[in-house]
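*Asks:* This is the structure I have questions about; it appears just below.
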Amino acid sequence: MKSGPDAVFLDRDGTIMEDAHFIKSPSQVRLIPGAAAAVKRINDAKVPAIVVTNQSGIARGIFKVEDYESVRRHFESLLEAQGAHIDASYYCPHHPSVAACDCRKPATKMFEDAMRDFGLDPRKVAYVGDRWRDVIASKKLGGRGIMISSHMTTDEDRRKAQGDGIEAAASLKDAVEMLFRSS
Ligand SMILES: [Mg+2]
């Protein structure tokens with residue numbers, strides 16, 4: 001019997017690749033050690049690995065949609081070189097300092113769009129990210145949230161995640177191990 005989730009929503013920056021704070025060029029892309037193997041484990045479980053990422057650098061004028069796309073392609077090619085793949089990516093280009101939106105995490109629109117696109121039951125998905133806003137959808141929509149640690153994770157993130165009863169793990173590798181550990 002299948003024990004893991006039906007899909008895993010993954011934050012990108014600080015979760016799969018190093019968060020260099022507004023990544024606008026493929027040359028800045030560095031995979032976090034162990035992350036490709038973790039994504040491959042999701043792939044091997046035959047469930048979608050779906051990236052959901054806030055990219056407010058676009059609204060702030062730091063980079064363009066084309067830059068985001070070239071970073072995404074390079075990021076995916078680095079994963080593919082290690083036998084892992086991302087099934088889909090959703091990004092929010094907005095920032096509240098420019099204009100309000102309903103997609104920027106912690107809002108849930110990107111997750112809901114993906115659930116509709118993939119025909120997912122919200123109670124059977126999982127969320128992994130290095131900020132509270134990446135995983136709080138687990139409490140709003142259902143499913144399992146695991147917050148990992150990066151240098152971008154704040155004390156406030158940890159306090160809020162703990163208060164909301166969200167699980168914690170050191171890395172994506174550890175989070176995926178928790179999700180697919182056979183019971
Ligand atoms: Mg992040």
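As shown in the structure tokens, the chain order sets the letters A, B, ...; within each chain, residues go from 1, and ligands are also counted from 1 in the order they appear.
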Name the residues in contact with Asp11 (chain A) at a cut-off of 7 Å, using only C-alpha atoms, excluding same-chain residues fewer than 4 positions from it; report them as a PyMOL selection string.
*Replies:* chain A and resi 15+51-53+128-129+134
*Asks:* Could you build a table of the residues in region 1-65 of chain A lying no more than 10 Å from region 108-123 of chain A, giving for each the nearest pair of atoms and their separation in Å rounded to one decimal place, using only C-alpha atoms, ordered by chain and ascending residue number, as CSV?
*Replies:*
```
residue,atom,partner,partner_atom,distance
A:Pro5,CA,A:Arg123,CA,8.9
A:Asp6,CA,A:Leu120,CA,7.2
A:Ala7,CA,A:Leu120,CA,7.6
A:Phe9,CA,A:Phe111,CA,7.8
A:Pro48,CA,A:Phe118,CA,8.4
A:Ile50,CA,A:Ala114,CA,8.0
A:Val51,CA,A:Phe111,CA,9.6
A:Val52,CA,A:Met110,CA,6.8
A:Thr53,CA,A:Met110,CA,8.8
A:Asn54,CA,A:Met110,CA,9.8
```
*Asks:* Looking at only C-alpha atoms and all ligand atoms, which of A:Ser89, A:Gln82, A:Gln55, A:Asn43 is the one that sits closest to ligand 1?
*Replies:*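 Answer, going by the shortest atom-to-atom distance: A:Gln55.
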*Asks:* Taking only C-alpha atoms and all ligand atoms into account, list the residues no farther than 10 Å from ligand 1, as a list in words.
*Replies:*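 Using only C-alpha atoms and all ligand atoms, everything at most 10 Å from ligand 1 comes to Leu10, Asp11, Arg12, Asp13, Gly14, Thr15, Ile16, Met17, Glu18, Asp19, His21, Val52, Thr53, Asn54, Val128, Gly129, Asp130, Arg131, Trp132, Arg133, Asp134, Ile148, Ser149, Ser150, His151, Met152 and Thr153 of chain A.
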*Asks:* Write out as a PyMOL selection string which residues come within 7 Å of Arg144 (chain A) when counting only C-alpha atoms, dropping same-chain ones fewer than 5 positions away.
*Replies:* chain A and resi 125-127+138
*Asks:* Can you check which residues of region 2-32 of chain A DSSP gives as strand (DSSP E) on the backbone and send them as a ChimeraX atom specification?
*Replies:* /A:7-10
*Asks:* Between A:Ile146, A:Lys124, A:Phe75, A:Asp155, single out the one closest to Ala170 (chain A), counting only C-alpha atoms.
*Replies:*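 Result for the nearest residue to Ala170 (chain A): A:Ile146.
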*Asks:* Identify which of the residues A:Pro33, A:Arg60, A:Lys40, A:Ser171 lies closest to His85 (chain A), counting only C-alpha atoms when measuring atom-to-atom distances.
*Replies:*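 With only C-alpha atoms as the atom set, the closest residue is A:Lys40.
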*Asks:* Running DSSP on the backbone, which parts of region 73-179 of chain A land in helix (DSSP H, G or I), as number ranges by chain?
*Replies:* A: 73-81, 109-118, 122-124, 132-135, 137-140, 155-163, 172-179
*Asks:* Residues near Ile62 (chain A), anyone? I mean within 9 Å using only C-alpha atoms, not counting same-chain ones fewer than 4 positions away, as an MDAnalysis selection string.
*Replies:* chainID A and resid 22 24 56:58
